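**Student:** Here you go, protein36.txt (compact mmCIF, C-alpha atoms):
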```txt
# COMPACT_ATOMS: atom_id res chain seq x y z
CA MET A 2 -138.51 -166.35 -222.31
CA ASN A 3 -135.51 -164.97 -224.14
CA LEU A 4 -132.85 -167.68 -224.29
CA ARG A 5 -130.14 -165.04 -224.65
CA ASN A 6 -130.68 -164.23 -220.97
CA VAL A 7 -129.60 -167.80 -220.18
CA PHE A 8 -126.98 -168.56 -222.83
CA VAL A 9 -124.84 -165.43 -222.46
CA PRO A 10 -124.09 -165.86 -218.72
CA VAL A 11 -123.60 -169.62 -219.19
CA GLY A 12 -121.26 -168.92 -222.12
CA VAL A 13 -119.25 -166.39 -220.09
CA VAL A 14 -118.85 -168.83 -217.21
CA GLY A 15 -117.97 -171.61 -219.67
CA VAL A 16 -115.25 -169.54 -221.34
CA LEU A 17 -113.85 -168.58 -217.93
CA VAL A 18 -113.77 -172.26 -216.91
CA VAL A 19 -111.98 -173.19 -220.15
CA GLY A 20 -109.44 -170.44 -219.48
CA TYR A 21 -108.85 -171.76 -215.97
CA VAL A 22 -108.56 -175.40 -217.09
CA SER A 23 -106.17 -174.48 -219.91
CA TYR A 24 -103.88 -171.92 -218.24
CA GLY A 25 -104.97 -171.60 -214.62
CA TRP A 26 -105.46 -168.14 -213.13
CA PRO A 27 -103.54 -166.36 -215.92
CA GLY A 28 -106.04 -167.92 -218.35
CA VAL A 29 -108.94 -166.55 -216.31
CA ALA A 30 -107.26 -163.13 -216.30
CA ALA A 31 -106.78 -163.23 -220.09
CA VAL A 32 -110.35 -164.35 -220.77
CA GLY A 33 -111.70 -161.80 -218.27
CA GLY A 34 -109.69 -159.06 -219.98
CA GLY A 35 -111.12 -160.08 -223.34
CA LEU A 36 -114.66 -160.03 -221.98
CA VAL A 37 -114.14 -156.60 -220.41
CA MET A 38 -112.74 -155.30 -223.73
CA TRP A 39 -115.78 -156.68 -225.58
CA ALA A 40 -118.14 -155.01 -223.08
CA LEU A 41 -116.27 -151.69 -223.33
CA LEU A 42 -116.44 -151.75 -227.15
CA HIS A 43 -120.22 -152.21 -227.04
CA PHE A 44 -120.59 -149.55 -224.35
CA THR A 45 -118.49 -147.08 -226.38
CA ARG A 46 -120.61 -147.70 -229.49
CA LEU A 47 -123.80 -147.21 -227.48
CA MET A 48 -122.51 -143.93 -226.01
CA ASN A 49 -121.46 -142.62 -229.46
CA VAL A 50 -124.88 -143.43 -230.91
CA MET A 51 -126.65 -141.75 -227.99
CA LYS A 52 -124.38 -138.68 -228.19
CA LYS A 53 -125.24 -138.21 -231.88
CA ALA A 54 -128.94 -138.80 -231.19
CA ALA A 55 -128.92 -136.22 -228.39
CA ASN A 56 -128.01 -133.48 -230.87
CA ARG A 57 -131.02 -134.08 -233.14
CA PRO A 58 -134.74 -133.53 -232.58
CA MET A 59 -136.62 -136.56 -231.29
CA GLY A 60 -138.34 -138.49 -234.05
CA TYR A 61 -136.65 -136.61 -236.91
CA VAL A 62 -134.88 -138.19 -239.87
CA GLY A 63 -133.38 -136.52 -242.93
CA SER A 64 -135.35 -138.62 -245.41
CA ALA A 65 -138.08 -141.08 -244.48
CA VAL A 66 -137.91 -142.66 -247.94
CA MET A 67 -134.19 -143.41 -247.58
CA LEU A 68 -134.75 -144.80 -244.09
CA ASN A 69 -137.49 -147.05 -245.45
CA ALA A 70 -135.09 -148.35 -248.11
CA ARG A 71 -132.31 -149.08 -245.61
CA LEU A 72 -134.38 -150.89 -242.96
CA GLN A 73 -134.10 -154.65 -242.64
CA GLU A 74 -136.13 -157.05 -240.57
CA GLY A 75 -134.40 -158.29 -237.44
CA VAL A 76 -132.12 -155.31 -236.72
CA ASN A 77 -132.21 -153.97 -233.18
CA LEU A 78 -133.42 -150.57 -232.01
CA MET A 79 -129.90 -149.27 -231.43
CA HIS A 80 -129.03 -150.01 -235.07
CA VAL A 81 -132.04 -148.02 -236.28
CA VAL A 82 -131.17 -145.13 -233.93
CA ALA A 83 -127.62 -145.20 -235.33
CA MET A 84 -129.00 -145.02 -238.89
CA THR A 85 -131.36 -142.12 -238.14
CA GLN A 86 -129.07 -140.42 -235.60
CA SER A 87 -132.25 -139.61 -233.70
CA LEU A 88 -134.34 -141.24 -231.02
CA GLY A 89 -137.70 -142.29 -232.37
CA GLU A 90 -140.97 -140.81 -231.20
CA LEU A 91 -142.58 -143.48 -229.00
CA ARG A 92 -146.09 -144.26 -230.29
CA SER A 93 -146.95 -147.21 -228.02
CA ALA A 94 -147.50 -147.41 -224.29
CA GLN A 95 -144.42 -147.23 -222.07
CA ASP A 96 -142.76 -150.67 -221.61
CA ALA A 97 -145.29 -152.35 -223.93
CA ASP A 98 -144.32 -155.09 -226.33
CA PRO A 99 -144.34 -154.50 -229.28
CA GLU A 100 -142.78 -151.06 -229.12
CA VAL A 101 -143.77 -148.67 -231.91
CA TYR A 102 -141.54 -145.73 -232.88
CA ARG A 103 -141.93 -143.11 -235.60
CA TRP A 104 -139.39 -141.01 -237.49
CA THR A 105 -140.64 -138.03 -239.56
CA ASP A 106 -138.81 -135.94 -242.15
CA GLY A 107 -139.28 -132.34 -243.32
CA THR A 108 -141.95 -133.25 -245.90
CA GLN A 109 -144.13 -134.87 -243.19
CA SER A 110 -143.41 -138.33 -244.60
CA HIS A 111 -142.84 -140.76 -241.77
CA VAL A 112 -141.70 -144.31 -241.09
CA THR A 113 -143.41 -146.19 -238.29
CA CYS A 114 -141.38 -149.13 -236.95
CA GLU A 115 -142.57 -151.97 -234.75
CA PHE A 116 -140.03 -153.70 -232.50
CA ARG A 117 -140.71 -156.99 -230.72
CA HIS A 118 -138.21 -157.93 -228.01
CA GLY A 119 -135.97 -155.14 -229.31
CA LYS A 120 -135.88 -156.42 -232.91
CA LEU A 121 -137.53 -154.78 -235.92
CA VAL A 122 -140.42 -156.90 -237.17
CA LYS A 123 -142.24 -154.53 -239.52
CA TRP A 124 -142.31 -150.95 -240.69
CA THR A 125 -144.52 -148.75 -242.84
CA LEU A 126 -143.78 -145.65 -244.86
CA PHE A 127 -146.40 -142.91 -245.10
CA ARG A 128 -146.04 -140.17 -247.71
CA PRO A 129 -148.61 -137.36 -247.79
CA GLU A 130 -150.32 -136.75 -251.09
CA GLU A 131 -148.91 -133.91 -253.12
CA PRO A 132 -151.42 -131.16 -253.87
CA ASN A 133 -152.67 -131.11 -257.44
CA SER A 134 -150.71 -128.49 -259.29
CA PRO A 135 -151.81 -127.06 -262.63
CA VAL A 136 -149.98 -128.39 -265.66
CA ALA A 137 -147.74 -125.76 -267.21
CA LEU A 138 -147.88 -125.54 -270.99
```
So that I can check it, write out the structure of this file as structure tokens.

**Tutor:**
Amino acid sequence: MNLRNVFVPVGVVGVLVVGYVSYGWPGVAAVGGGLVMWALLHFTRLMNVMKKAANRPMGYVGSAVMLNARLQEGVNLMHVVAMTQSLGELRSAQDADPEVYRWTDGTQSHVTCEFRHGKLVKWTLFRPEEPNSPVAL
């Protein structure tokens, strides 16, 4: 069970209670306004990320090598989508955990990312072998 599903609502109610105890109903209104502003900021960021991702091909990234270098363990899927500006190509079953997504660049190099509970746990970079070219003298 994800404890965030318990602690966030309990924290919201706790902050609202503290606002009421400290300043009465104006305190609840102030805390409620702050919580609504926080939610709107996150919603706006999500919409901007999705708008940028909608204008790019699914599963495409400019450079898989640069994406591989910028990834960090523990970031969420929205952060990776914001970095790539593209939705990943889903490689796992729908609603399965872990979720596996792939981003491919123009050279057919790709990064395959595994997300558990929405957080990046591991990723692999695949680069196709370059064909042997004759040595110029």

**Student:** Put a box with edges along x, y and z around all the listed atoms of range 6-10 of chain A, pad it by 3 Å on each side, then give me its centre and sizes in Å, one decimal, as lines of an AutoDock Vina configuration file.

**Tutor:**
```
center_x = -127.4
center_y = -166.4
center_z = -220.8
size_x = 12.6
size_y = 10.3
size_z = 10.1
```

**Student:** Residues near Gly33 in chain A, anyone? I mean within 10 Å using all atoms listed in the file, not counting same-chain ones fewer than 4 positions away, as a list of chain:residue names.

**Tutor:**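 In the requested format, the answer is A:Val13, A:Val16, A:Leu17, A:Gly20, A:Pro27, A:Gly28, A:Val29, A:Val37, A:Met38, A:Trp39.
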
**Student:** Quick one: residues within 8 Å of range 99-101 of chain A, all atoms listed in the file, excluding same-chain residues fewer than 5 positions away - as number ranges by chain?

**Tutor:** A: 91-94, 113-119

**Student:** Using only C-alpha atoms, which residues sit within 9 Å of Gly60 in chain A once same-chain residues fewer than 2 positions away are excluded, as a list in words?

**Tutor:**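 Those residues are Arg57, Pro58, Val62, Thr85, Ser87, Leu88, Gly89, Glu90, Leu91, Tyr102, Arg103, Trp104, Thr105 and Asp106 of chain A.
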
**Student:** Take CA of Val22 in chain A and CA of Ala40 in chain A and report the distance between them in Å, one decimal.

**Tutor:**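 Interatomic distance here is 23.3 Å.
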
**Student:** As an exercise, work out the distance from CA of Gln86 in chain A to CA of Lys53 in chain A in Å and give it to one decimal place.

**Tutor:**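 Those two atoms sit 5.8 Å apart.
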
**Student:** Give me, please, the distance in Å between CA of Val81 in chain A and CA of Phe8 in chain A, quoted to one decimal.

**Tutor:**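 According to the coordinates, CA of Val81 in chain A and CA of Phe8 in chain A are separated by 25.1 Å.
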
**Student:** For Val50 in chain A, which of A:Pro132, A:His80, A:Ala31, A:His111 is the closest residue, counting only C-alpha atoms?

**Tutor:**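 Once distances to Val50 in chain A are computed over only C-alpha atoms, the minimum belongs to A:His80.
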
**Student:** Using only C-alpha atoms, which residue out of A:Tyr61, A:Tyr21, A:Met67, A:Val76 lies closest to Gly107 in chain A?

**Tutor:**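 Ranking A:Tyr61, A:Tyr21, A:Met67, A:Val76 by distance to Gly107 in chain A, first place goes to A:Tyr61.
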
**Student:** Which residue, A:Leu42, A:Ala65, A:Val11, A:Ala83, has the smallest gap to Gln109 in chain A when you use all atoms listed in the file?

**Tutor:**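 When distances to Gln109 in chain A are compared using all atoms listed in the file, the smallest one comes from A:Ala65.
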
**Student:** Using only C-alpha atoms, which residue out of A:Ala55, A:Leu68, A:Leu126, A:Val32 lies closest to Gly15 in chain A?

**Tutor:** A:Val32
